[in-house]
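Asks: One structure, pasted below without further comment.
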Amino acid sequence: MFRFIVRRLLQLIPTLFGLSLLLFIWVRRLPGGPEDAILGERGTPEMRAAIRRSMGLDEPILVQYGRFVQRLLRLDLGTSSSTKRPVVEEFLERFPGTVELTITALVIAIGIGIPLGYLAARRRGRLLDHLSVGGSLVGICVPIFFLAYVLKAIFSENLGWFPSSGRQDPTIDATRITNFFVLDGLMTREWDAVADALWHLVLPGIALASIPLAIIVRITRASVLEVLNEDFVRTAEAKGLTERTVRGRHVLRNSLLPVVTSIGLLTGGLLSGAVLTETVFAFTGIGAFIYEAIGQRDYPVLLGFIMIISVVYVLVNLLVDLSYSLIDPRVRVR
Amino acid sequence: MALLEVDDLSVTFARRGQRTVHAVDGVSFSVDAGEVVGLVGESGCGKSVTSMAIMGLLPRQHGTRIGGKAVFDGTDLLGLDDRARRDIRGRDVAMIFQDPLSSLNPVIPIGLQVTEVLARHRGMRGDAARKEAAGLLDRVGIPDPDRRLKEYPHQLSGGMRQRALIAMAVACRPRLLIADEPTTALDVTIQAQILELLKELVHDSGTALVMITHDLGVVAGMCDSINVLYAGRVVETARRRPLFREPRHPYTAGLLGSVPRLDSGRGEPLNPIPGSVRDVLSWSEGCAFAPRCSRRVDACLDETPPLVRTHDGRSYRCVDPVPLPGAVPAQAGPADQSGAPSPEPNEEKTRD
Amino acid sequence: MTMTGKKERLDRLAELVNRDDERGVSLWQEAFRRLRRNPAAIIGAVILTIFVLVALVGPFFVPYEPKDTIGIREGVVKSGQGIIPGASAEHWFGYDHQGRDVFSRMIVGARQTLLVGVVATLIGLAVGALIGGVAGAAAGLGGRWGRAVDNALMRVIDMMLALPSLLLAVSIAALLGASLSTVMIAVGMVSVPVFARLLRVSMIAQANSDYVLAATSLGVRKPKIALTHIVPNSLAPVIVQATLTLATAIIEAAALSFLGLGNPDTAQPEWGVMLADAQPYLGIRPALAIFPAVAIIITALGFTLLGEAMREALDPKLRK
Ligand SMILES: Nc1ncnc2c1ncn2[C@@H]1O[C@H](COP(=O)(O)OP(=O)(O)OP(=O)(O)O)[C@@H](O)[C@H]1O
Ligand code: SF4
Ligand SMILES: [Mg+2]
């Protein structure tokens, strides 16, 4: 198990190098550069050249890449050309927000999706089944940003139940340690800060959860239906086990396998959704920041982001493989 | 009184947009305590559905109708509620299935799959259950039972998986064991071992066994009495020896004729039954076997052929049965084809 | 019972049996039969028929020019002061923030939305089919090189899948600048990995299937096998996927518009752009957002319903 994890993490290194080289070239080919973003229309060619030189953009691309890798090894991702702050610093500040948001969304999606999908399968053809199948079809079709706006309009602007923007109420003077606001609050025992941070996560979390929820409901339902027809369920019934044991021990666990796989595939979609949700709720996270970085041609930020995404992707897949092997003895990792 | 008395069991599946399937169409047979009874017939004749109906394992879906009775030790299994049925299943009546790999839960160790029966019906837990489970595995011939208990189905060989399933089935010393083609998925040497094991188990414990198979070899090796099914009905019932020596129903005769025999001459062709099970009439229109029957006469399509019981405890459902060897072979003549033959004098006709 | 009666019955039986034998012939006919019985498929088909009709014919009959700012010309619309009149006899869906007729824009928008969806899907399909086809063929050919090519292509596809699709689209849009074709290309590229995987998998599965092996051993030439067996059999899942992709393409396009990367040409309104434009006026006239949003949802739902129903109808596991 341990060796498996280490090996997978080592595999990450060549992937990161290949990916960074590809993206380095790709990003450099974007028309315009940071000098355009800084100077706008005004700059003279000399001023542009000066900026490019100061940023090292006038050198051959491989030299630039070499320097990038060198710094990367020191965990230095350079300085954002738009905010003038170290990229690592920006990420440390913003990434936790996105992570909290996606985890909230996943908790909602898994917490509701699996039980709902399971119940729908057991009540196949009845009202609950039709409702959840129909609901999940609609859920997939509603644009996230529209849903976010509707939630915001109803539950925060009209009813005032939830805050409409941000990660924390500015009047709360919370201590920052990791920038995971919930975690910070738990560590410092500032319970009001924890509650407030969680409160801010509800609406964006629901908006972001909509599509994963719909997908998990459908996959769980289909999977349970398939497992219910398996021979080993019939064996369990033939043993005279109680309905509870049959469902809990034999049906549910086997149904989870495809669900786990699908959760691994959701990462990319969640990050896309995070861009939109964070924009609507003015939520300080990485999504909205990256969106701006693309517009600003902020190369260091974009490269750093891609690096992080790849790491996240590999980690998520590692987690999926590990949980898979926990559920299914046939896929023991070694 | 027999241990299990199946009486006029019928199962129909009606689905929207599809023709209603009479999977089982009035099956009756009985099993005495400690007896080994065979249910034989081609694929699709309703063997599995019959056994599942008795066990109450048919999918509870809309449009499935079950009729008739299956009286086990005085109680009609078909009339029980879910709770009572679960109490009997696995304890008094157990079942083993065709495909041992898919019949075992792939993500649970063998041990738990055995002990869960013990916990459910015998209230055994913890160490006691584990010991008992190891003993069971040992009894069905699985070497090194303590290690095997911790293993998962995919780590066992095919034969061992079926042994494990048998261990689960006999864990509570049931009085009736139904085996639905338990050896079809195994290779020949393993088949023989599993059959031997089953024979031994039922002999030692006095468990009655219903052996479902399409393999006459299996039947010949172990059954005391045999029911031949065709299109959801029993067409012939007899003890083993008489059935093999002198089959009366043309279908039984056909089945026997299509099995290669060691003592048949090399040049002698096999005699497969023409057509397939899909070429059936509904029993209400006459004899369902008529489209494939070489002895067909007009009377076969007049009505459902009645069940004929003979003095020696045999019965068959045919208006023109294969004559007994030594009997006057008058009926085989082409001249006789037009008229319905009269049953032999010592046979009584029953209508059902 | 007469002789003929019995004979007839036996004949009828023989007929029944034979007809059964012929029925296995057409997978497509069978699938279509099952589709027609599925209410979800019917609803999806009805939605799509209406949508396509409106998209094709509607723009010829719109009451106003979609980019004509009549409301402002006539002085009835003052968005700055929060005055945007709603539905009236002349303007069924009211005005938008620039005084344009929302009804006309919705109709013309249907065509734009359909166009973006279809072209984007075709782009994704074409590029995906190319990559997946090459990978599948390479894998089929086997050998060290074949496997290497297949592996490399699949790595690229995996990376594309790992990237958040929206950010992929955004960077493409940033690269090309906002325009109609940018939206199409960006949204199309997002679906490339899905199609590529699908084609590769189904090509490999087909290549290993019994009838292809049989045909090969009978000496049928490879291109012929590909044309007569592999392509038709891979087609069904591709059509299903394309239908489903149309739904996501429409939604992705809307998201791009929301981020300000939609088609900037006001004469060619697209529902996503209309929805994005309406956001600042949600408080004043929520209908401005609701019309395009509902239209997007219903259309996407139509494609999804039909796609899922087709998938079910073609699923061999569900076929009886
Ligand atoms: N759930 C069901 N719904 C509809 N028809 C069914 C169902 N289960 C079984 N049948 C039909 O009932 C008939 C009898 O099936 P059954 O499985 O009992 O045959 P069998 O004798 O066990 O054959 P085999 O030797 O292949 O196991 C078949 O025609 C089958 O198609
Ligand atoms: S009743 Fe007639 S058709 Fe049926 S088995 Fe007997 S002889 Fe053949
Ligand atoms: Mg069977």
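Letters A, B, ... go to the chains of the structure tokens in the order shown; residues in each chain start at 1; ligands are counted from 1 in the same order.
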Excluding A:Tyr324 and any residue of its chain fewer than 6 positions from it, enumerate the residues within 9 Å of it, using only C-alpha atoms, and give them as a VMD selection string.
Replies: chain A and resid 256 to 257 260 to 261 331 to 332
Asks: Convert the current residue selection to file output with all heavy atoms, as a compact mmCIF listing (two decimals), in the first residue's frame.
Replies:
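Wrote result33.txt, looks like this:
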# COMPACT_ATOMS: atom_id res chain seq x y z
N LEU A 256 -21.32 0.64 -4.93
CA LEU A 256 -20.53 1.86 -4.78
C LEU A 256 -19.37 1.95 -5.77
O LEU A 256 -18.85 3.03 -6.03
CB LEU A 256 -19.98 1.96 -3.36
CG LEU A 256 -21.02 2.33 -2.32
CD1 LEU A 256 -20.38 2.49 -0.96
CD2 LEU A 256 -21.71 3.64 -2.70
N LEU A 257 -18.97 0.80 -6.34
CA LEU A 257 -17.78 0.83 -7.19
C LEU A 257 -17.87 1.83 -8.33
O LEU A 257 -17.00 2.69 -8.47
CB LEU A 257 -17.49 -0.59 -7.71
CG LEU A 257 -17.07 -1.56 -6.60
CD1 LEU A 257 -17.06 -2.99 -7.10
CD2 LEU A 257 -15.70 -1.17 -6.08
N VAL A 260 -17.72 5.48 -7.08
CA VAL A 260 -16.39 5.97 -6.72
C VAL A 260 -15.63 6.42 -7.98
O VAL A 260 -15.04 7.49 -8.02
CB VAL A 260 -15.60 4.88 -5.97
CG1 VAL A 260 -14.14 5.28 -5.83
CG2 VAL A 260 -16.20 4.65 -4.61
N THR A 261 -15.70 5.59 -9.01
CA THR A 261 -15.05 5.97 -10.26
C THR A 261 -15.57 7.30 -10.76
O THR A 261 -14.80 8.17 -11.18
CB THR A 261 -15.33 4.90 -11.34
OG1 THR A 261 -15.07 3.63 -10.77
CG2 THR A 261 -14.44 5.11 -12.54
N VAL A 331 -9.16 -5.57 -6.62
CA VAL A 331 -8.25 -4.53 -7.10
C VAL A 331 -7.28 -4.13 -6.00
O VAL A 331 -7.10 -2.96 -5.76
CB VAL A 331 -9.02 -3.27 -7.52
CG1 VAL A 331 -8.45 -2.72 -8.80
CG2 VAL A 331 -10.47 -3.53 -7.69
N ARG A 332 -6.71 -5.10 -5.34
CA ARG A 332 -5.73 -4.76 -4.31
C ARG A 332 -4.53 -4.04 -4.93
O ARG A 332 -4.00 -4.49 -5.94
CB ARG A 332 -5.25 -6.03 -3.61
CG ARG A 332 -6.26 -6.57 -2.64
CD ARG A 332 -6.24 -5.79 -1.33
NE ARG A 332 -7.23 -6.34 -0.41
CZ ARG A 332 -8.28 -5.66 0.00
NH1 ARG A 332 -8.49 -4.45 -0.43
NH2 ARG A 332 -9.13 -6.20 0.83
Asks: Given a cut-off of 10 Å, what residues near ligand 1 show up using only C-alpha atoms and all ligand atoms, put as a count of residues only?
Replies: 48
Asks: Give me, as a Markdown table, the closest atom pair and its distance (Å, one decimal) for every residue of chain A within a cut-off of 7 Å of chain B, counting only C-alpha atoms, rows sorted by chain and rising number.
Replies:
| residue | atom | partner | partner_atom | distance |
| --- | --- | --- | --- | --- |
| A:Asp231 | CA | B:Ser103 | CA | 4.6 |
| A:Phe232 | CA | B:Ser103 | CA | 4.0 |
| A:Thr235 | CA | B:Ser103 | CA | 6.0 |
| A:Ala238 | CA | B:Arg89 | CA | 5.8 |
| A:Lys239 | CA | B:Gly90 | CA | 4.1 |
| A:Gly240 | CA | B:Arg86 | CA | 4.2 |
| A:Leu241 | CA | B:Arg120 | CA | 6.3 |
| A:Thr242 | CA | B:Arg86 | CA | 6.9 |
| A:His250 | CA | B:Asn105 | CA | 6.9 |
| A:Ile327 | CA | B:Val107 | CA | 6.8 |
| A:Asp328 | CA | B:Val107 | CA | 5.2 |
| A:Pro329 | CA | B:Val107 | CA | 5.8 |
Asks: Could you work out which residues of chain A fall inside 6 Å of chain C? Count only C-alpha atoms, and format the result as a VMD selection string.
Replies: chain A and resid 30 141 to 143 268 to 269 271 to 272
Asks: Would you compute the distance between atom CA of C:Asn263 and atom CA of C:Met189? Give it in Å to one decimal.
Replies: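 Distance reported for this atom pair: 17.0 Å.
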Asks: Residues of stretch 258-299 of chain C that approach stretch 108-114 of chain C to 7 Å or less, counting only C-alpha atoms: could you list each one with the shortest pair of atoms and its distance in Å to one decimal, rows by chain and increasing residue number, as CSV?
Replies:
residue,atom,partner,partner_atom,distance
C:Gln268,CA,C:Gln112,CA,6.7
C:Pro269,CA,C:Gly109,CA,5.1
C:Glu270,CA,C:Gly109,CA,4.4
C:Trp271,CA,C:Gly109,CA,5.5
Asks: Can those selected residues be exported to a file as an mmCIF file, in the first residue's frame so that it contains N, CA, C and O atoms?
Replies:
data_model
loop_
_atom_site.group_PDB
_atom_site.id
_atom_site.type_symbol
_atom_site.label_atom_id
_atom_site.label_comp_id
_atom_site.auth_asym_id
_atom_site.auth_seq_id
_atom_site.Cartn_x
_atom_site.Cartn_y
_atom_site.Cartn_z
ATOM 1 N N GLN C 268 -26.636 38.881 -33.884
ATOM 2 C CA GLN C 268 -26.787 37.434 -33.787
ATOM 3 C C GLN C 268 -26.888 37.058 -32.323
ATOM 4 O O GLN C 268 -25.974 36.442 -31.772
ATOM 5 N N PRO C 269 -27.981 37.415 -31.668
ATOM 6 C CA PRO C 269 -28.082 37.123 -30.247
ATOM 7 C C PRO C 269 -28.091 35.617 -30.042
ATOM 8 O O PRO C 269 -28.596 34.875 -30.876
ATOM 9 N N GLU C 270 -27.498 35.200 -28.961
ATOM 10 C CA GLU C 270 -27.504 33.783 -28.628
ATOM 11 C C GLU C 270 -28.049 33.727 -27.216
ATOM 12 O O GLU C 270 -27.845 34.653 -26.426
ATOM 13 N N TRP C 271 -28.769 32.645 -26.858
ATOM 14 C CA TRP C 271 -29.421 32.619 -25.548
ATOM 15 C C TRP C 271 -28.438 32.833 -24.407
ATOM 16 O O TRP C 271 -28.750 33.517 -23.427
#
Asks: Select the residues contacting ligand 2 at a distance of at most 12 Å, based on only C-alpha atoms and all ligand atoms, then format the selection as a ChimeraX atom specification.
Replies: /B:229-231,234-236,247-254,273,280-283,285-308,316-323,331-332,337-341,343 /C:10
Asks: Among stretch 129-260 of chain B, which residues carry a DSSP assignment of alpha helix (DSSP H), reported as JSON, numbers by chain?
Replies: {"B": [129, 130, 131, 132, 133, 134, 135, 136, 137, 138, 139, 145, 146, 147, 148, 149, 150, 158, 159, 160, 161, 162, 163, 164, 165, 166, 167, 168, 169, 170, 188, 189, 190, 191, 192, 193, 194, 195, 196, 197, 198, 199, 200, 201, 202, 203, 204, 205, 216, 217, 218, 219, 220, 221, 222, 240, 241, 242, 243, 244, 245, 250, 251, 252, 253, 254, 255, 256, 257]}
Asks: Interatomic distance between atom CA of C:Val127 and atom CA of A:Ile25?
Replies: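 Distance between the two atoms: 21.4 Å.
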Asks: What is the distance, in Å and to one decimal place, between atom CA of A:Gly111 and atom CA of A:Leu213?
Replies: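 These two atoms are separated by 8.9 Å.
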Asks: Give me the residues within 10 Å of C:Ile131 as a list of chain:residue names, counting only C-alpha atoms and dropping any in the same chain fewer than 6 places off.
Replies: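 That gives C:Leu125, C:Ala137, C:Asp150, C:Leu153, C:Met154, C:Val156, C:Ile157, C:Val192, C:Pro193, C:Phe195, C:Ala196, C:Arg197, C:Leu199, C:Arg200.
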